[in-house]
file model-v3.tsv (TSV, C-alpha atoms and all ligand atoms)
chain	number	residue	atom	x	y	z
A	1	MET	CA	90.16	114.21	99.87
A	2	ASN	CA	90.42	115.48	96.30
A	3	ARG	CA	87.52	115.71	93.85
A	4	PHE	CA	87.49	112.87	91.33
A	5	ASP	CA	85.40	111.45	88.52
A	6	TYR	CA	83.67	108.14	89.11
A	7	VAL	CA	83.18	105.70	86.21
A	8	ARG	CA	81.36	102.38	86.29
A	9	PRO	CA	82.33	100.35	83.17
A	10	ARG	CA	80.36	97.31	81.97
A	11	SER	CA	83.25	95.31	80.52
A	12	VAL	CA	87.00	94.89	80.83
A	13	ALA	CA	87.44	96.71	77.51
A	14	GLU	CA	85.39	99.67	78.80
A	15	ALA	CA	87.36	99.67	82.05
A	16	VAL	CA	90.70	99.76	80.26
A	17	ALA	CA	89.47	102.53	77.96
A	18	ALA	CA	88.18	104.54	80.94
A	19	ALA	CA	91.49	104.16	82.77
A	20	ALA	CA	93.49	105.46	79.81
A	21	GLN	CA	92.98	109.00	81.12
A	22	PRO	CA	96.05	110.10	83.15
A	23	GLY	CA	95.48	110.06	86.90
A	24	SER	CA	93.00	107.16	86.79
A	25	ALA	CA	92.92	104.40	89.38
A	26	TYR	CA	90.99	101.15	89.46
A	27	LEU	CA	88.67	100.64	92.41
A	28	ALA	CA	87.90	97.12	93.64
A	29	ALA	CA	87.03	96.69	97.34
A	30	GLY	CA	88.91	99.88	98.13
A	31	THR	CA	90.18	98.54	101.46
A	32	ASN	CA	93.55	100.14	100.83
A	33	LEU	CA	92.91	102.78	98.15
A	34	LEU	CA	90.03	104.57	99.90
A	35	ASP	CA	92.02	104.78	103.13
A	36	LEU	CA	94.92	106.32	101.21
A	37	MET	CA	92.59	108.79	99.50
A	38	LYS	CA	91.16	109.91	102.84
A	39	ILE	CA	94.61	110.74	104.19
A	40	GLY	CA	95.73	112.44	100.98
A	41	VAL	CA	98.36	109.87	99.97
A	42	ALA	CA	96.42	108.75	96.87
A	43	ARG	CA	94.79	111.51	94.82
A	44	PRO	CA	93.33	109.91	91.69
A	45	ALA	CA	91.57	112.17	89.19
A	46	ARG	CA	89.25	109.33	88.15
A	47	LEU	CA	88.10	106.12	89.84
A	48	VAL	CA	87.20	103.24	87.53
A	49	ASP	CA	84.93	100.97	89.56
A	50	LEU	CA	85.48	97.28	88.84
A	51	ASN	CA	82.81	95.98	91.20
A	52	HIS	CA	80.18	95.40	88.54
A	53	LEU	CA	82.36	93.88	85.84
A	54	PRO	CA	81.17	90.44	84.77
A	55	GLY	CA	83.51	87.49	84.41
A	56	LEU	CA	86.20	88.35	86.98
A	57	ASP	CA	84.74	86.55	89.99
A	58	ALA	CA	85.16	82.86	89.16
A	59	ILE	CA	87.49	80.15	90.49
A	60	GLU	CA	88.01	77.83	87.52
A	61	GLU	CA	89.70	74.45	87.41
A	62	LEU	CA	91.77	74.36	84.23
A	63	PRO	CA	91.75	71.31	81.94
A	64	GLU	CA	95.46	70.55	82.40
A	65	GLY	CA	95.18	70.71	86.19
A	66	GLY	CA	95.90	74.31	87.18
A	67	VAL	CA	93.44	76.82	88.56
A	68	ARG	CA	92.45	80.32	87.42
A	69	VAL	CA	91.19	82.81	89.98
A	70	GLY	CA	89.40	85.93	88.77
A	71	ALA	CA	90.75	89.23	90.08
A	72	ARG	CA	87.44	90.10	91.78
A	73	VAL	CA	87.26	86.88	93.83
A	74	ARG	CA	87.10	87.85	97.51
A	75	ASN	CA	89.95	86.74	99.77
A	76	ALA	CA	87.57	84.89	102.14
A	77	ASP	CA	85.74	83.14	99.29
A	78	LEU	CA	89.00	81.81	97.90
A	79	ALA	CA	90.34	80.70	101.31
A	80	HIS	CA	87.11	78.83	102.05
A	81	ASP	CA	86.72	77.23	98.64
A	82	SER	CA	87.26	73.62	99.68
A	83	ALA	CA	88.63	72.41	96.33
A	84	PHE	CA	91.10	75.29	96.24
A	85	SER	CA	92.25	75.01	99.86
A	86	ARG	CA	92.71	71.24	99.54
A	87	ARG	CA	95.01	71.68	96.54
A	88	PHE	CA	96.78	74.86	97.66
A	89	PRO	CA	96.63	74.79	101.47
A	90	ALA	CA	99.50	77.23	102.06
A	91	VAL	CA	97.72	79.83	99.92
A	92	ALA	CA	94.52	79.40	101.93
A	93	GLU	CA	96.51	79.57	105.15
A	94	ALA	CA	98.18	82.81	104.05
A	95	LEU	CA	94.85	84.34	103.10
A	96	LEU	CA	93.42	83.53	106.52
A	97	SER	CA	96.50	85.01	108.18
A	98	GLY	CA	95.85	88.37	106.58
A	99	ALA	CA	93.87	91.38	107.81
A	100	SER	CA	90.59	90.69	109.65
A	101	GLY	CA	87.51	88.63	108.88
A	102	GLN	CA	85.60	91.73	107.77
A	103	LEU	CA	88.37	92.85	105.42
A	104	ARG	CA	88.85	89.38	103.96
A	105	ASN	CA	85.13	89.30	103.17
A	106	VAL	CA	85.47	92.24	100.79
A	107	ALA	CA	89.13	92.46	99.75
A	108	THR	CA	89.84	91.05	96.32
A	109	VAL	CA	92.58	88.86	94.90
A	110	GLY	CA	93.70	91.55	92.44
A	111	GLY	CA	93.70	94.24	95.11
A	112	ASN	CA	95.76	92.07	97.42
A	113	LEU	CA	98.62	92.11	94.91
A	114	LEU	CA	98.47	95.89	94.61
A	115	GLN	CA	98.47	96.80	98.29
A	116	ARG	CA	100.75	99.71	99.09
A	117	THR	CA	103.40	99.51	101.77
A	118	ARG	CA	102.37	100.18	105.36
A	119	CYS	CA	105.53	102.21	106.03
A	120	ALA	CA	104.27	104.89	108.44
A	121	TYR	CA	106.19	107.64	106.64
A	122	PHE	CA	104.57	106.71	103.33
A	123	GLN	CA	101.19	107.24	104.97
A	124	ASP	CA	102.13	110.58	106.54
A	125	THR	CA	102.09	113.39	103.96
A	126	ALA	CA	104.21	115.56	106.29
A	127	SER	CA	107.12	113.08	105.98
A	128	ALA	CA	109.71	112.76	103.24
A	129	CYS	CA	109.02	109.66	101.17
A	130	ASN	CA	110.56	108.82	97.80
A	131	ARG	CA	107.84	106.27	97.12
A	132	ARG	CA	104.99	108.78	97.56
A	133	ASP	CA	106.89	111.87	96.40
A	134	PRO	CA	109.93	110.94	94.25
A	135	GLY	CA	113.11	112.80	95.16
A	136	SER	CA	111.84	114.00	98.55
A	137	GLY	CA	113.99	111.61	100.62
A	138	CYS	CA	113.21	108.77	102.99
A	139	ASP	CA	112.36	109.55	106.59
A	140	ALA	CA	112.37	105.84	107.44
A	141	ARG	CA	116.17	105.88	107.14
A	142	GLY	CA	117.20	107.03	110.59
A	143	GLY	CA	113.57	106.91	111.74
A	144	GLU	CA	111.30	104.18	113.10
A	145	ASN	CA	112.39	101.28	110.90
A	146	ARG	CA	112.39	98.09	112.94
A	147	LEU	CA	109.81	96.49	110.60
A	148	HIS	CA	111.47	97.56	107.36
A	149	ALA	CA	113.30	95.53	104.72
A	150	VAL	CA	116.40	93.41	105.17
A	151	LEU	CA	116.59	92.16	101.58
A	152	GLY	CA	116.58	94.00	98.24
A	153	TRP	CA	116.31	97.49	99.73
A	154	SER	CA	118.08	100.58	98.43
A	155	GLU	CA	119.17	103.93	99.83
A	156	HIS	CA	116.03	105.37	98.25
A	157	CYS	CA	113.50	103.11	100.00
A	158	ILE	CA	113.52	100.38	102.64
A	159	ALA	CA	109.81	99.55	102.66
A	160	THR	CA	108.30	96.05	102.68
A	161	HIS	CA	105.39	94.60	100.73
A	162	PRO	CA	102.52	93.83	103.09
A	163	SER	CA	100.77	90.88	101.39
A	164	ASP	CA	100.59	87.42	102.96
A	165	PHE	CA	98.73	85.92	100.01
A	166	CYS	CA	101.52	86.73	97.53
A	167	VAL	CA	104.15	84.77	99.49
A	168	PRO	CA	102.96	81.19	98.81
A	169	LEU	CA	101.77	82.29	95.37
A	170	VAL	CA	105.32	83.27	94.46
A	171	ALA	CA	106.61	79.98	95.87
A	172	LEU	CA	104.13	78.09	93.68
A	173	ASP	CA	104.93	79.96	90.45
A	174	ALA	CA	101.66	81.86	90.11
A	175	VAL	CA	101.12	83.87	86.94
A	176	VAL	CA	99.31	87.23	86.67
A	177	GLU	CA	96.97	87.75	83.72
A	178	ILE	CA	96.81	91.39	82.62
A	179	GLU	CA	94.68	93.36	80.15
A	180	GLY	CA	95.70	96.80	79.02
A	181	PRO	CA	95.69	99.42	76.30
A	182	SER	CA	98.21	97.31	74.33
A	183	GLY	CA	96.30	94.06	74.75
A	184	ALA	CA	96.66	91.02	77.02
A	185	ARG	CA	99.85	89.74	78.59
A	186	GLU	CA	101.02	87.48	81.40
A	187	VAL	CA	103.72	88.03	84.02
A	188	PRO	CA	105.06	85.51	86.56
A	189	LEU	CA	104.12	86.86	89.99
A	190	ARG	CA	107.74	86.49	90.99
A	191	ASP	CA	108.59	89.25	88.48
A	192	PHE	CA	105.47	91.35	89.05
A	193	HIS	CA	106.59	93.48	92.02
A	194	LEU	CA	109.69	95.65	91.71
A	195	LEU	CA	112.51	96.27	94.13
A	196	PRO	CA	112.95	99.98	94.90
A	197	GLY	CA	116.33	100.71	93.28
A	198	THR	CA	116.35	104.39	92.35
A	199	THR	CA	112.64	104.44	91.46
A	200	PRO	CA	110.64	103.23	94.48
A	201	GLU	CA	107.53	104.94	93.14
A	202	ARG	CA	107.35	102.12	90.55
A	203	GLU	CA	105.98	99.22	92.58
A	204	SER	CA	105.00	96.73	89.89
A	205	VAL	CA	105.47	96.07	86.19
A	206	LEU	CA	101.93	97.29	85.44
A	207	ALA	CA	101.91	100.04	82.81
A	208	PRO	CA	99.42	102.92	83.15
A	209	GLY	CA	95.90	101.63	82.47
A	210	GLU	CA	96.77	97.95	82.81
A	211	LEU	CA	94.35	95.84	84.81
A	212	ILE	CA	94.88	92.52	86.61
A	213	VAL	CA	92.11	90.21	85.41
A	214	ALA	CA	93.16	86.86	86.96
A	215	LEU	CA	95.81	84.81	88.70
A	216	ARG	CA	96.77	81.35	87.60
A	217	LEU	CA	98.44	78.53	89.49
A	218	PRO	CA	100.14	75.97	87.23
A	219	PRO	CA	99.25	72.25	87.37
A	220	GLY	CA	102.40	71.31	89.30
A	221	ALA	CA	101.51	73.65	92.18
A	222	ALA	CA	99.05	71.11	93.60
A	223	ASP	CA	101.82	68.47	93.84
A	224	PHE	CA	102.94	70.16	97.08
A	225	ALA	CA	99.53	69.93	98.78
A	226	ALA	CA	100.52	67.23	101.30
A	227	HIS	CA	103.46	69.27	102.66
A	228	ALA	CA	102.74	73.00	102.44
A	229	ARG	CA	102.49	75.64	105.17
A	230	TYR	CA	102.53	79.40	105.66
A	231	VAL	CA	103.91	80.71	108.94
A	232	LYS	CA	103.56	84.35	109.94
A	233	LEU	CA	105.12	86.09	112.89
A	234	ARG	CA	103.41	89.34	113.88
A	235	GLU	CA	103.36	91.71	116.80
A	236	ARG	CA	99.85	90.70	117.88
A	237	THR	CA	97.84	87.55	117.22
A	238	SER	CA	95.56	88.91	114.53
A	239	TYR	CA	94.95	91.91	112.29
A	240	ALA	CA	98.63	92.78	111.93
A	241	PHE	CA	101.12	92.68	109.09
A	242	ALA	CA	103.98	90.21	109.14
A	243	VAL	CA	107.19	91.07	110.93
A	244	VAL	CA	108.47	88.10	108.93
A	245	SER	CA	106.66	85.20	107.29
A	246	ALA	CA	107.52	82.17	105.20
A	247	ALA	CA	105.78	79.78	102.85
A	248	ALA	CA	107.32	76.33	102.56
A	249	ALA	CA	106.17	73.56	100.26
A	250	LEU	CA	107.80	70.17	99.78
A	251	ARG	CA	107.31	67.37	97.31
A	252	MET	CA	108.44	64.19	99.03
A	253	ALA	CA	109.57	60.89	97.51
A	254	ASP	CA	110.81	57.84	99.45
A	255	GLY	CA	111.28	59.83	102.64
A	256	ARG	CA	113.43	62.47	100.96
A	257	ILE	CA	112.73	65.93	99.57
A	258	ALA	CA	112.28	65.69	95.82
A	259	GLU	CA	111.59	69.41	95.42
A	260	ALA	CA	111.28	72.36	97.80
A	261	ARG	CA	109.69	75.77	97.44
A	262	ILE	CA	110.39	78.64	99.83
A	263	ALA	CA	109.31	82.29	99.84
A	264	LEU	CA	109.47	84.96	102.52
A	265	GLY	CA	107.23	87.88	103.42
A	266	GLY	CA	107.89	91.02	105.45
A	267	VAL	CA	111.54	91.15	104.40
A	268	ALA	CA	111.55	93.10	101.11
A	269	ALA	CA	109.51	95.32	98.80
A	270	LYS	CA	108.33	92.15	97.08
A	271	PRO	CA	107.51	88.60	98.15
A	272	TRP	CA	110.96	87.01	98.25
A	273	ARG	CA	111.57	83.66	96.54
A	274	ALA	CA	114.55	81.77	97.97
A	275	ALA	CA	115.63	79.68	94.97
A	276	GLU	CA	119.12	78.80	96.22
A	277	ALA	CA	117.73	77.64	99.53
A	278	GLU	CA	115.24	75.47	97.65
A	279	ALA	CA	118.04	73.91	95.60
A	280	SER	CA	119.95	73.05	98.78
A	281	LEU	CA	117.08	70.80	99.84
A	282	ALA	CA	116.76	68.76	96.65
A	283	GLY	CA	117.39	65.11	97.58
A	284	ALA	CA	117.94	65.96	101.27
A	285	THR	CA	116.57	64.15	104.27
A	286	PRO	CA	113.96	66.40	105.90
A	287	ASP	CA	115.66	67.16	109.19
A	288	ALA	CA	116.46	70.19	111.33
A	289	ALA	CA	120.04	70.48	110.03
A	290	ALA	CA	118.92	70.63	106.39
A	291	PHE	CA	116.23	73.18	107.22
A	292	ARG	CA	118.59	75.39	109.18
A	293	ARG	CA	121.09	75.23	106.30
A	294	ALA	CA	118.39	76.24	103.84
A	295	ALA	CA	117.35	79.10	106.13
A	296	GLU	CA	120.96	80.35	106.30
A	297	ILE	CA	121.14	80.34	102.51
A	298	ALA	CA	117.77	82.12	102.19
A	299	LEU	CA	119.03	85.02	104.34
A	300	ALA	CA	122.65	85.02	103.15
A	301	GLU	CA	122.30	88.40	101.41
A	302	ALA	CA	120.25	90.01	104.17
A	303	LYS	CA	121.46	93.18	105.86
A	304	PRO	CA	119.77	95.57	108.26
A	305	SER	CA	118.35	98.80	106.83
A	306	GLY	CA	118.10	100.35	110.29
A	307	GLU	CA	117.17	99.06	113.73
A	308	ASN	CA	115.95	95.82	112.24
A	309	GLY	CA	118.91	93.42	112.34
A	310	PHE	CA	116.83	91.18	114.62
A	311	LYS	CA	114.57	90.35	111.67
A	312	ILE	CA	117.35	88.43	109.93
A	313	GLU	CA	117.66	85.74	112.59
A	314	LEU	CA	113.89	85.80	113.07
A	315	ALA	CA	113.41	85.17	109.36
A	316	ARG	CA	115.89	82.28	109.44
A	317	ARG	CA	113.93	80.69	112.26
A	318	ILE	CA	110.59	81.21	110.53
A	319	VAL	CA	111.92	79.61	107.34
A	320	ALA	CA	113.20	76.60	109.30
A	321	ARG	CA	109.92	76.47	111.21
A	322	ALA	CA	107.80	76.57	108.05
A	323	LEU	CA	109.92	73.80	106.53
A	324	SER	CA	109.57	71.66	109.68
A	325	LEU	CA	105.80	72.12	109.70
A	326	ALA	CA	105.56	71.38	105.99
A	327	ALA	CA	107.66	68.23	106.37
A	328	ALA	CA	105.38	67.03	109.18
A	329	GLY	CA	102.46	67.20	106.74
A	330	THR	CA	99.60	69.56	105.95
A	331	PRO	CA	97.00	69.21	108.72
A	332	ASP	CA	93.55	67.94	107.80
A	333	ARG	CA	91.88	70.92	109.42
A	334	LEU	CA	93.42	73.54	107.20
A	335	PRO	CA	92.53	76.24	106.59
A	336	ALA	CA	90.42	76.52	109.76
A	337	LEU	CA	93.44	77.38	111.90
A	338	PRO	CA	96.38	79.23	110.32
A	339	ALA	CA	99.73	78.02	111.61
A	340	SER	CA	101.12	79.50	114.79
A	341	PRO	CA	104.90	79.93	114.86
A	342	PHE	CA	104.70	78.70	118.45
A	343	ALA	CA	102.67	75.53	117.87
A	344	PRO	CA	104.49	72.22	118.37
A	345	VAL	CA	105.51	70.43	115.19
A	346	PRO	CA	103.34	67.31	114.94
A	347	GLY	CA	105.49	64.32	115.87
A	348	GLY	CA	108.26	66.65	117.04
A	349	ARG	CA	110.67	65.15	114.56
A	350	HIS	CA	112.08	68.20	112.90
A	351	GLY	CA	112.89	70.64	115.69
B	401	LIG	FE1	108.88	106.14	101.74
B	401	LIG	FE2	110.10	103.84	101.29
B	401	LIG	FE3	111.24	105.60	102.87
B	401	LIG	FE4	109.00	104.39	103.69
B	401	LIG	S1	110.95	103.41	103.31
B	401	LIG	S2	109.52	106.59	103.84
B	401	LIG	S3	107.93	104.10	101.73
B	401	LIG	S4	110.80	105.88	100.68
call {"tool": "encode", "arguments": {"input": "model-v3.tsv", "output": "structure tokens", "more": "lines below"}}
Ligand code: SF4
result
Amino acid sequence: MNRFDYVRPRSVAEAVAAAAQPGSAYLAAGTNLLDLMKIGVARPARLVDLNHLPGLDAIEELPEGGVRVGARVRNADLAHDSAFSRRFPAVAEALLSGASGQLRNVATVGGNLLQRTRCAYFQDTASACNRRDPGSGCDARGGENRLHAVLGWSEHCIATHPSDFCVPLVALDAVVEIEGPSGAREVPLRDFHLLPGTTPERESVLAPGELIVALRLPPGAADFAAHARYVKLRERTSYAFAVVSAAAALRMADGRIAEARIALGGVAAKPWRAAEAEASLAGATPDAAAFRRAAEIALAEAKPSGENGFKIELARRIVARALSLAAAGTPDRLPALPASPFAPVPGGRHG
């Protein structure tokens, strides 16, 4: 572990000023950053500790009907906030699908967005990795890559983004509030993470020194509360990242789908919104054929980046499954039990 300065600012303005020094990194719960520092993948010259900043730990109902979640709100606190989980059940379900109880108790909303990929070669400093060491190559190509990306990848990097939380947030048009050396700005979460292209080391639109201060869900996001689910398929029942996952949210009117939202996790370097698949469901009857068609559209551009072609059909099935569960209705007990991909669909109507 390298030597580093430690700074504990008392305000957002002080934090941003402290992080202006090159090589600085913000420290929230540290559930990802500290691990990466211990194995030599992250080597910040200065840690700017956000844990004592006032004003970033509130969940606020907004006057026009949306909600604003401070960047320091803990994952568990947000998932178990009854007003929030009632209005945004798929987000709560995704939060409870992530990590472990202990990690969710400390991990923050802002930190969740900025998780680094869990590509094993990224975490091994003896391996070539363009994301960690630009220009060095990518040992995942031709290596162990069955969990890598099938959408939006490039020859330079085939990693996936590990967050569950971001998947329904992208489906529901969440917005990221940012403060930085040049002032405040907002970015739709959908545009926040970057695909690798030729510069996989650039993972988000954040400029040096910029700090996430809050997330916002717009008023219309709660209109999907009665039909919203997050389904995650993983290699063991808990404490594992998604092989593939999907958030599905439907707004129903007169027995038909008035509006659909779909996003996928575990398939790309960013949470993947499936806008064309959503459009295919507008006005449709919620049945297995419509859901399978939407799933085909969602994965139409997918291609294996290695030994991971199986993920494409798996992702189609998880999208159709999430849509079926959403159409059957959000269960009353959410978020006590995150959805199992293997659970029967209530009523068994949608296959
Ligand atoms: Fe690095 Fe990306 Fe290749 Fe993994 S897939 S080794 S993160 S460049």
call {"tool": "residues_near_point", "arguments": {"input": "model-v3.tsv", "point": "(109.0, 92.0, 103.3)", "cutoff": "7 Å", "atoms": "all atoms listed in the file", "output": "PyMOL selection string"}}
result
chain A and resi 149+160-162+244+265-271
call {"tool": "closest_atom_pairs", "arguments": {"input": "model-v3.tsv", "of": "chain A", "to": "ligand LIG 401 (chain B)", "cutoff": "12 Å", "atoms": "only C-alpha atoms and all ligand atoms", "output": "tab-separated table"}}
result
residue	atom	partner	partner_atom	distance
A:Val41	CA	B:LIG401	FE1	11.3
A:Arg116	CA	B:LIG401	S3	8.8
A:Thr117	CA	B:LIG401	S3	6.4
A:Arg118	CA	B:LIG401	S3	7.7
A:Cys119	CA	B:LIG401	FE4	4.7
A:Ala120	CA	B:LIG401	FE4	6.7
A:Tyr121	CA	B:LIG401	S2	4.5
A:Phe122	CA	B:LIG401	S3	4.5
A:Gln123	CA	B:LIG401	S3	8.1
A:Asp124	CA	B:LIG401	S2	8.8
A:Thr125	CA	B:LIG401	S2	10.1
A:Ala126	CA	B:LIG401	S2	10.7
A:Ser127	CA	B:LIG401	S2	7.2
A:Ala128	CA	B:LIG401	S2	6.2
A:Cys129	CA	B:LIG401	FE1	3.6
A:Asn130	CA	B:LIG401	S4	4.1
A:Arg131	CA	B:LIG401	S4	4.6
A:Arg132	CA	B:LIG401	FE1	6.3
A:Asp133	CA	B:LIG401	FE1	8.1
A:Pro134	CA	B:LIG401	S4	8.2
A:Gly135	CA	B:LIG401	S4	9.1
A:Ser136	CA	B:LIG401	S4	8.5
A:Gly137	CA	B:LIG401	S4	6.6
A:Cys138	CA	B:LIG401	FE3	3.7
A:Asp139	CA	B:LIG401	S2	4.9
A:Ala140	CA	B:LIG401	S2	4.7
A:Arg141	CA	B:LIG401	FE3	6.5
A:Gly142	CA	B:LIG401	FE3	9.9
A:Gly143	CA	B:LIG401	S2	8.9
A:Glu144	CA	B:LIG401	FE4	9.7
A:Asn145	CA	B:LIG401	S1	8.0
A:Arg146	CA	B:LIG401	S1	11.1
A:Leu147	CA	B:LIG401	S1	10.1
A:His148	CA	B:LIG401	S1	7.1
A:Ala149	CA	B:LIG401	S1	8.3
A:Val150	CA	B:LIG401	S1	11.5
A:Trp153	CA	B:LIG401	S1	8.8
A:Ser154	CA	B:LIG401	FE2	9.1
A:Glu155	CA	B:LIG401	S4	8.6
A:His156	CA	B:LIG401	S4	5.8
A:Cys157	CA	B:LIG401	FE2	3.7
A:Ile158	CA	B:LIG401	S1	4.0
A:Ala159	CA	B:LIG401	S1	4.1
A:Thr160	CA	B:LIG401	S1	7.8
A:His161	CA	B:LIG401	S3	9.9
A:Pro162	CA	B:LIG401	S3	11.7
A:Leu195	CA	B:LIG401	FE2	10.7
A:Pro196	CA	B:LIG401	FE2	8.0
A:Gly197	CA	B:LIG401	S4	10.6
A:Thr198	CA	B:LIG401	S4	10.1
A:Thr199	CA	B:LIG401	S4	9.5
A:Pro200	CA	B:LIG401	S4	6.7
A:Glu201	CA	B:LIG401	S4	8.3
A:Arg202	CA	B:LIG401	FE2	11.2
A:Glu203	CA	B:LIG401	S3	10.6
A:Ala268	CA	B:LIG401	S1	10.6
A:Ala269	CA	B:LIG401	FE2	8.9
A:Ser305	CA	B:LIG401	S1	9.4
A:Gly306	CA	B:LIG401	S1	10.5
call {"tool": "closest_atom_pairs", "arguments": {"input": "model-v3.tsv", "of": "stretch 160-268 of chain A", "to": "stretch 312-316 of chain A", "cutoff": "12 Å", "atoms": "all atoms listed in the file", "output": "JSON lines"}}
result
{"residue": "A:Val231", "atom": "CA", "partner": "A:Ala315", "partner_atom": "CA", "distance": 10.5}
{"residue": "A:Lys232", "atom": "CA", "partner": "A:Ala315", "partner_atom": "CA", "distance": 9.9}
{"residue": "A:Leu233", "atom": "CA", "partner": "A:Leu314", "partner_atom": "CA", "distance": 8.8}
{"residue": "A:Arg234", "atom": "CA", "partner": "A:Leu314", "partner_atom": "CA", "distance": 11.1}
{"residue": "A:Ala242", "atom": "CA", "partner": "A:Ala315", "partner_atom": "CA", "distance": 10.7}
{"residue": "A:Val243", "atom": "CA", "partner": "A:Ala315", "partner_atom": "CA", "distance": 8.7}
{"residue": "A:Val244", "atom": "CA", "partner": "A:Ala315", "partner_atom": "CA", "distance": 5.8}
{"residue": "A:Ser245", "atom": "CA", "partner": "A:Ala315", "partner_atom": "CA", "distance": 7.1}
{"residue": "A:Ala246", "atom": "CA", "partner": "A:Ala315", "partner_atom": "CA", "distance": 7.8}
{"residue": "A:Ala247", "atom": "CA", "partner": "A:Ala315", "partner_atom": "CA", "distance": 11.4}
{"residue": "A:Ile262", "atom": "CA", "partner": "A:Arg316", "partner_atom": "CA", "distance": 11.7}
{"residue": "A:Ala263", "atom": "CA", "partner": "A:Ala315", "partner_atom": "CA", "distance": 10.8}
{"residue": "A:Leu264", "atom": "CA", "partner": "A:Ala315", "partner_atom": "CA", "distance": 7.9}
{"residue": "A:Gly265", "atom": "CA", "partner": "A:Ala315", "partner_atom": "CA", "distance": 9.0}
{"residue": "A:Gly266", "atom": "CA", "partner": "A:Ala315", "partner_atom": "CA", "distance": 8.9}
{"residue": "A:Val267", "atom": "CA", "partner": "A:Ala315", "partner_atom": "CA", "distance": 8.0}
{"residue": "A:Ala268", "atom": "CA", "partner": "A:Ile312", "partner_atom": "CA", "distance": 11.5}
call {"tool": "write_last_selection", "arguments": {"input": "model-v3.tsv", "atoms": "C-alpha atoms", "output": "mmCIF file, keeping the file's coordinate frame"}}
result
data_model
loop_
_atom_site.group_PDB
_atom_site.id
_atom_site.type_symbol
_atom_site.label_atom_id
_atom_site.label_comp_id
_atom_site.auth_asym_id
_atom_site.auth_seq_id
_atom_site.Cartn_x
_atom_site.Cartn_y
_atom_site.Cartn_z
ATOM 1 C CA VAL A 231 103.910 80.710 108.940
ATOM 2 C CA LYS A 232 103.560 84.350 109.940
ATOM 3 C CA LEU A 233 105.120 86.090 112.890
ATOM 4 C CA ARG A 234 103.410 89.340 113.880
ATOM 5 C CA ALA A 242 103.980 90.210 109.140
ATOM 6 C CA VAL A 243 107.190 91.070 110.930
ATOM 7 C CA VAL A 244 108.470 88.100 108.930
ATOM 8 C CA SER A 245 106.660 85.200 107.290
ATOM 9 C CA ALA A 246 107.520 82.170 105.200
ATOM 10 C CA ALA A 247 105.780 79.780 102.850
ATOM 11 C CA ILE A 262 110.390 78.640 99.830
ATOM 12 C CA ALA A 263 109.310 82.290 99.840
ATOM 13 C CA LEU A 264 109.470 84.960 102.520
ATOM 14 C CA GLY A 265 107.230 87.880 103.420
ATOM 15 C CA GLY A 266 107.890 91.020 105.450
ATOM 16 C CA VAL A 267 111.540 91.150 104.400
ATOM 17 C CA ALA A 268 111.550 93.100 101.110
#
call {"tool": "atom_distance", "arguments": {"input": "model-v3.tsv", "atom1": "atom CA of A:Pro341", "atom2": "atom CA of A:Glu235"}}
result
12.0 Å
call {"tool": "closest_residue", "arguments": {"input": "model-v3.tsv", "among": "A:Ala294, A:Ala289, A:Ala228, A:Ala275", "to": "A:Leu325", "atoms": "all atoms listed in the file"}}
result
A:Ala228
call {"tool": "atom_distance", "arguments": {"input": "model-v3.tsv", "atom1": "atom CA of A:Leu151", "atom2": "atom CA of A:Leu299"}}
result
8.0 Å
call {"tool": "closest_residue", "arguments": {"input": "model-v3.tsv", "among": "A:Ala90, A:Ala327, A:Ile318, A:Gly30", "to": "A:Gly255", "atoms": "all atoms listed in the file"}}
result
A:Ala327
call {"tool": "atom_distance", "arguments": {"input": "model-v3.tsv", "atom1": "atom CA of A:Glu186", "atom2": "atom CA of A:Leu33"}}
result
24.1 Å
call {"tool": "closest_residue", "arguments": {"input": "model-v3.tsv", "among": "A:Val91, A:Met1, A:Ala76, A:Ala300", "to": "A:Gly40", "atoms": "only C-alpha atoms"}}
result
A:Met1
